[in-house]
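What follows is a short report on a single structure.
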Amino acid sequence: MNLSTVEEESTDQIVHKPEEIDWQMLDKSKFFILGAGLFSCVSATLYPVVVLKTRQQVSSSHLSSLKTAFSILRYEGFRGLYRGFGTSLIGTIPARAVYMTALEITKSNVGTSTVNLGFPEPTAAAIANAMAGLTAALAAQVVWTPIDVVSQRLMVQGNDKSLKSCKYMNGIDAFRKILNTDGPRGLYRGFGISVMTYAPSNAVWWASYSVVQRLVWGGIGSYLCKKDDDMIADSRTVMAVQGVSAAMAGGVSALVTMPLDTIKTRLQVLDNSDDNNGRKGPTIGQTVRNLVREGGWMAFYRGLGPRWASMSMSATTMITTYELLKRLSTKNQENLIP
């Protein structure tokens, strides 16, 4: 029994949604090619917010997001908001491909297994989404962490004179210098805490999204559709419900994982202030102590505004784009979009 079939049957009492698209229903070539283009556009739109968040996290002074943005525009121009974008974009394409593959395969297999084991459909859907998010994040971090390290080094160049990060001409130059200075471990600096940040975050986000979407369909979804006797949701209603659900799940995930993300960013960007201890970078303990010394526990939430906005916008655009991508990539598109 397929999870999407059970989910469709259980939601028939609330509102008729377009059929859920499973991994087996996708044209894989179209899925990856269209996905690369669509998500590249999403990344380009949200990248300046990521730069603002990263600048605030590594800065020793506490500046608002607005002041940080004005400072970048004044001293570095518009290009300052896109430092490291080329490197990030190149790395995002394979990382996203790994993520989407792991996500869909895990969701399909775990969803079918949990339904066959007798779990109620809402519980089965939440478990499948949580496991899919966890697996996808773990797989993608292997590809993404080196790109993250390089792009973040490029993002913060010229940000703070207290930073000891050397100047890089471009992503290739940064990659070469990090590799020469720190070896392969330098490219995976913060990998452990990245996994600790993104794996639970993705699991919580996908599980929350599944639950919140069901609740929204039970409320707003049925309200929007009750003027229709058979309560059939059109594509705009579907996208609206998906967007609202994604934004709510993304905002909560940003708040919960913000301290870990701040520590991760500092580990990946900052050099150790003590050059006599033989270490190439700060430890987690040193990073935590430095943050507490700079601004107390609230220092862990520097950049929360941009990260909250980035994750909420990213979640909304990601899920609507992702669902659109799946519908465009299905082998049989009949009756998928009313």
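FYI, nothing fancy with the structure tokens labels: chains A, B, ... in order, residues from 1 per chain, ligands from 1 as they appear.
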
Long-range neighbours of A:Ile193 as a ChimeraX atom specification, 12 Å cut-off, only C-alpha atoms, 5 positions minimum in chain: /A:138,141,145,188,198-201,257,259-268,283-284

Pick out the residues sitting within 12 Å of A:Ile178, and hand them over as a CSV table (one decimal) with all heavy atoms, in the first residue's frame; count only C-alpha atoms, and ignore anything fewer than 4 positions along from it in its own chain.
chain,number,residue,atom,x,y,z
A,146,PRO,N,32.1,21.4,2.5
A,146,PRO,CA,33.2,22.2,1.9
A,146,PRO,C,32.8,23.4,1.1
A,146,PRO,O,33.5,24.5,1.2
A,146,PRO,CB,33.8,21.1,0.9
A,146,PRO,CG,33.4,19.8,1.4
A,146,PRO,CD,32.0,20.1,2.0
A,147,ILE,N,31.7,23.4,0.4
A,147,ILE,CA,31.2,24.5,-0.3
A,147,ILE,C,30.8,25.6,0.7
A,147,ILE,O,31.0,26.8,0.5
A,147,ILE,CB,30.0,24.2,-1.2
A,147,ILE,CG1,30.4,23.1,-2.2
A,147,ILE,CG2,29.4,25.4,-1.9
A,147,ILE,CD1,31.5,23.5,-3.1
A,149,VAL,N,32.0,26.1,3.7
A,149,VAL,CA,33.2,26.7,4.3
A,149,VAL,C,33.8,27.7,3.4
A,149,VAL,O,34.1,28.9,3.8
A,149,VAL,CB,34.3,25.6,4.6
A,149,VAL,CG1,35.6,26.2,5.0
A,149,VAL,CG2,33.8,24.7,5.7
A,150,VAL,N,34.0,27.4,2.1
A,150,VAL,CA,34.6,28.3,1.1
A,150,VAL,C,33.7,29.5,0.9
A,150,VAL,O,34.2,30.7,0.9
A,150,VAL,CB,34.8,27.6,-0.2
A,150,VAL,CG1,35.3,28.6,-1.3
A,150,VAL,CG2,35.9,26.5,0.0
A,151,SER,N,32.4,29.3,0.7
A,151,SER,CA,31.5,30.5,0.4
A,151,SER,C,31.4,31.4,1.6
A,151,SER,O,31.4,32.6,1.4
A,151,SER,CB,30.1,30.0,0.0
A,151,SER,OG,29.5,29.2,1.0
A,153,ARG,N,33.8,31.9,3.9
A,153,ARG,CA,35.0,32.7,3.9
A,153,ARG,C,34.9,33.9,3.0
A,153,ARG,O,35.4,35.0,3.3
A,153,ARG,CB,36.2,31.8,3.6
A,153,ARG,CG,36.5,30.7,4.6
A,153,ARG,CD,37.1,31.2,5.9
A,153,ARG,NE,37.5,30.1,6.8
A,153,ARG,CZ,38.7,29.7,6.9
A,153,ARG,NH1,39.7,30.2,6.1
A,153,ARG,NH2,39.0,28.7,7.7
A,154,LEU,N,34.4,33.6,1.8
A,154,LEU,CA,34.3,34.7,0.8
A,154,LEU,C,33.3,35.8,1.3
A,154,LEU,O,33.4,37.0,1.0
A,154,LEU,CB,33.9,34.2,-0.5
A,154,LEU,CG,34.9,33.2,-1.2
A,154,LEU,CD1,34.3,32.6,-2.4
A,154,LEU,CD2,36.2,34.0,-1.6
A,165,SER,N,41.0,35.7,8.8
A,165,SER,CA,40.8,35.0,7.5
A,165,SER,C,41.6,35.8,6.4
A,165,SER,O,41.4,37.0,6.3
A,165,SER,CB,39.3,34.9,7.1
A,165,SER,OG,38.7,34.2,8.1
A,166,CYS,N,42.4,35.1,5.6
A,166,CYS,CA,43.1,35.8,4.6
A,166,CYS,C,42.2,36.1,3.4
A,166,CYS,O,41.1,35.7,3.3
A,166,CYS,CB,44.3,34.9,4.1
A,166,CYS,SG,43.7,33.3,3.4
A,167,LYS,N,42.7,37.0,2.5
A,167,LYS,CA,42.0,37.4,1.4
A,167,LYS,C,42.0,36.3,0.3
A,167,LYS,O,43.1,35.7,0.1
A,167,LYS,CB,42.5,38.7,0.8
A,167,LYS,CG,42.4,39.9,1.8
A,167,LYS,CD,41.0,40.3,2.0
A,167,LYS,CE,40.9,41.5,2.9
A,167,LYS,NZ,39.5,41.9,3.1
A,168,TYR,N,40.9,36.1,-0.3
A,168,TYR,CA,40.8,35.1,-1.4
A,168,TYR,C,40.4,35.8,-2.7
A,168,TYR,O,39.5,36.7,-2.7
A,168,TYR,CB,39.8,34.0,-1.1
A,168,TYR,CG,40.1,33.4,0.3
A,168,TYR,CD1,39.2,33.6,1.3
A,168,TYR,CD2,41.2,32.6,0.5
A,168,TYR,CE1,39.5,32.9,2.6
A,168,TYR,CE2,41.4,31.9,1.7
A,168,TYR,CZ,40.6,32.1,2.7
A,168,TYR,OH,40.8,31.5,3.9
A,171,GLY,N,36.6,31.6,-5.4
A,171,GLY,CA,36.3,30.3,-4.8
A,171,GLY,C,37.4,29.3,-4.9
A,171,GLY,O,37.8,28.6,-4.0
A,172,ILE,N,38.0,29.2,-6.1
A,172,ILE,CA,39.1,28.3,-6.4
A,172,ILE,C,40.3,28.6,-5.6
A,172,ILE,O,41.0,27.7,-5.0
A,172,ILE,CB,39.4,28.2,-7.9
A,172,ILE,CG1,38.3,27.7,-8.7
A,172,ILE,CG2,40.7,27.4,-8.2
A,172,ILE,CD1,38.5,27.8,-10.2
A,173,ASP,N,40.6,29.9,-5.5
A,173,ASP,CA,41.8,30.4,-4.7
A,173,ASP,C,41.5,30.0,-3.2
A,173,ASP,O,42.5,29.6,-2.5
A,173,ASP,CB,42.0,31.9,-4.9
A,173,ASP,CG,43.2,32.4,-4.1
A,173,ASP,OD1,44.3,31.8,-4.3
A,173,ASP,OD2,43.0,33.3,-3.4
A,174,ALA,N,40.3,30.3,-2.7
A,174,ALA,CA,40.0,29.9,-1.3
A,174,ALA,C,40.1,28.5,-1.1
A,174,ALA,O,40.7,28.0,0.0
A,174,ALA,CB,38.6,30.4,-1.0
A,182,ASP,N,45.2,23.9,5.9
A,182,ASP,CA,44.6,23.1,6.9
A,182,ASP,C,44.4,21.6,6.5
A,182,ASP,O,44.0,20.8,7.3
A,182,ASP,CB,43.2,23.6,7.3
A,182,ASP,CG,43.3,25.0,7.9
A,182,ASP,OD1,44.4,25.3,8.4
A,182,ASP,OD2,42.3,25.7,7.9
A,183,GLY,N,44.6,21.3,5.2
A,183,GLY,CA,44.4,20.0,4.7
A,183,GLY,C,42.9,19.8,4.4
A,183,GLY,O,42.1,20.7,4.6
A,184,PRO,N,42.6,18.5,4.1
A,184,PRO,CA,41.1,18.2,3.8
A,184,PRO,C,40.3,18.5,5.1
A,184,PRO,O,39.1,18.8,4.9
A,184,PRO,CB,41.2,16.7,3.6
A,184,PRO,CG,42.6,16.5,3.0
A,184,PRO,CD,43.4,17.4,3.8
A,185,ARG,N,40.8,18.4,6.3
A,185,ARG,CA,40.0,18.7,7.5
A,185,ARG,C,39.6,20.1,7.5
A,185,ARG,O,38.5,20.4,8.0
A,185,ARG,CB,40.8,18.4,8.7
A,185,ARG,CG,41.1,16.9,8.9
A,185,ARG,CD,41.8,16.6,10.2
A,185,ARG,NE,41.0,17.1,11.4
A,185,ARG,CZ,41.5,17.1,12.6
A,185,ARG,NH1,42.7,16.6,12.9
A,185,ARG,NH2,40.7,17.5,13.6
A,186,GLY,N,40.3,21.0,6.9
A,186,GLY,CA,39.9,22.4,6.8
A,186,GLY,C,38.7,22.6,6.1
A,186,GLY,O,37.9,23.5,6.4
A,187,LEU,N,38.5,21.8,5.0
A,187,LEU,CA,37.3,21.9,4.2
A,187,LEU,C,36.0,21.4,4.9
A,187,LEU,O,34.9,21.6,4.5
A,187,LEU,CB,37.5,21.3,2.9
A,187,LEU,CG,38.5,21.9,1.9
A,187,LEU,CD1,38.8,21.0,0.7
A,187,LEU,CD2,38.0,23.3,1.5
A,188,TYR,N,36.3,20.5,5.9
A,188,TYR,CA,35.2,19.9,6.7
A,188,TYR,C,35.1,20.5,8.1
A,188,TYR,O,34.6,19.8,9.0
A,188,TYR,CB,35.3,18.4,6.6
A,188,TYR,CG,34.8,17.8,5.4
A,188,TYR,CD1,35.6,17.6,4.3
A,188,TYR,CD2,33.4,17.5,5.2
A,188,TYR,CE1,35.1,17.1,3.1
A,188,TYR,CE2,32.9,17.0,4.1
A,188,TYR,CZ,33.8,16.7,3.0
A,188,TYR,OH,33.3,16.2,1.8
A,189,ARG,N,35.7,21.7,8.3
A,189,ARG,CA,35.6,22.3,9.6
A,189,ARG,C,34.1,22.6,9.9
A,189,ARG,O,33.4,23.1,9.1
A,189,ARG,CB,36.4,23.6,9.6
A,189,ARG,CG,36.4,24.3,11.0
A,189,ARG,CD,37.1,25.6,10.9
A,189,ARG,NE,38.5,25.5,10.8
A,189,ARG,CZ,39.3,26.5,10.8
A,189,ARG,NH1,38.9,27.8,11.0
A,189,ARG,NH2,40.6,26.4,10.7
A,268,GLN,N,33.6,27.6,11.1
A,268,GLN,CA,34.0,27.5,9.7
A,268,GLN,C,34.7,28.7,9.2
A,268,GLN,O,35.5,28.6,8.2
A,268,GLN,CB,32.7,27.2,8.9
A,268,GLN,CG,32.1,25.9,9.1
A,268,GLN,CD,30.8,25.7,8.3
A,268,GLN,OE1,30.1,26.6,8.0
A,268,GLN,NE2,30.6,24.4,7.9
A,269,VAL,N,34.5,29.9,9.8
A,269,VAL,CA,35.0,31.1,9.3
A,269,VAL,C,36.2,31.7,10.0
A,269,VAL,O,37.2,32.1,9.4
A,269,VAL,CB,33.9,32.2,9.3
A,269,VAL,CG1,34.4,33.6,8.9
A,269,VAL,CG2,32.8,31.8,8.3
A,271,ASP,N,39.6,32.1,12.4
A,271,ASP,CA,40.8,31.4,12.8
A,271,ASP,C,41.0,31.6,14.3
A,271,ASP,O,40.4,32.5,15.0
A,271,ASP,CB,42.0,32.1,12.1
A,271,ASP,CG,42.0,31.8,10.6
A,271,ASP,OD1,41.5,30.7,10.2
A,271,ASP,OD2,42.3,32.7,9.8
A,280,LYS,N,44.7,24.7,14.3
A,280,LYS,CA,44.4,25.5,13.1
A,280,LYS,C,43.1,26.3,13.2
A,280,LYS,O,42.8,27.2,12.4
A,280,LYS,CB,44.2,24.5,11.9
A,280,LYS,CG,45.5,23.8,11.5
A,280,LYS,CD,46.6,24.8,11.1
A,280,LYS,CE,47.9,24.0,10.6
A,280,LYS,NZ,48.9,24.9,10.2
A,281,GLY,N,42.3,26.0,14.1
A,281,GLY,CA,41.0,26.7,14.3
A,281,GLY,C,40.5,26.5,15.7
A,281,GLY,O,41.0,25.7,16.5

Computed interatomic separation between atom CA of A:Arg79 and atom CA of A:Val143 (Å): 25.9 Å

DSSP-assigned alpha helix (DSSP H) among stretch 124-311 of chain A, expressed as a PyMOL selection string: chain A and resi 124-155+171-182+184-187+191-216+222-225+235-269+284-295+304-311

Distance criterion (only C-alpha atoms): nearest to A:Ala69 out of A:Pro306, A:Ala95, A:Val115, A:Met311: A:Pro306

Could you name the residues that touch A:Trp23 at 8 Å or less, counting only C-alpha atoms, but leaving out those on the same chain fewer than 4 positions away, as a JSON list (two decimals) with N, CA and C atoms, in the first residue's frame?
[["chain", "number", "residue", "atom", "x", "y", "z"],
["A", 104, "GLU", "N", 13.25, 11.81, -1.41],
["A", 104, "GLU", "CA", 12.12, 11.13, -2.04],
["A", 104, "GLU", "C", 12.18, 9.61, -1.86],
["A", 105, "ILE", "N", 13.38, 9.04, -1.99],
["A", 105, "ILE", "CA", 13.50, 7.58, -1.84],
["A", 105, "ILE", "C", 13.16, 7.16, -0.40],
["A", 108, "SER", "N", 9.36, 7.65, 0.37],
["A", 108, "SER", "CA", 8.55, 6.61, -0.26],
["A", 108, "SER", "C", 8.67, 5.28, 0.46]]

Mind dumping a table of every stretch 97-161 of chain A residue within 12 Å of stretch 319-327 of chain A, with the nearest atom pair and its distance in Å to one decimal, using only C-alpha atoms, sorted by chain and rising number, as a Markdown table?
| residue | atom | partner | partner_atom | distance |
| --- | --- | --- | --- | --- |
| A:Ala97 | CA | A:Tyr322 | CA | 11.9 |
| A:Tyr99 | CA | A:Tyr322 | CA | 11.9 |
| A:Met100 | CA | A:Tyr322 | CA | 9.2 |
| A:Leu103 | CA | A:Tyr322 | CA | 11.6 |
| A:Glu104 | CA | A:Lys326 | CA | 10.5 |

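In terms of minimum interatomic distance to A:Phe32, A:Pro94 ranks closest within A:Lys67, A:Gln213, A:Gly80, A:Pro94, counting only C-alpha atoms.
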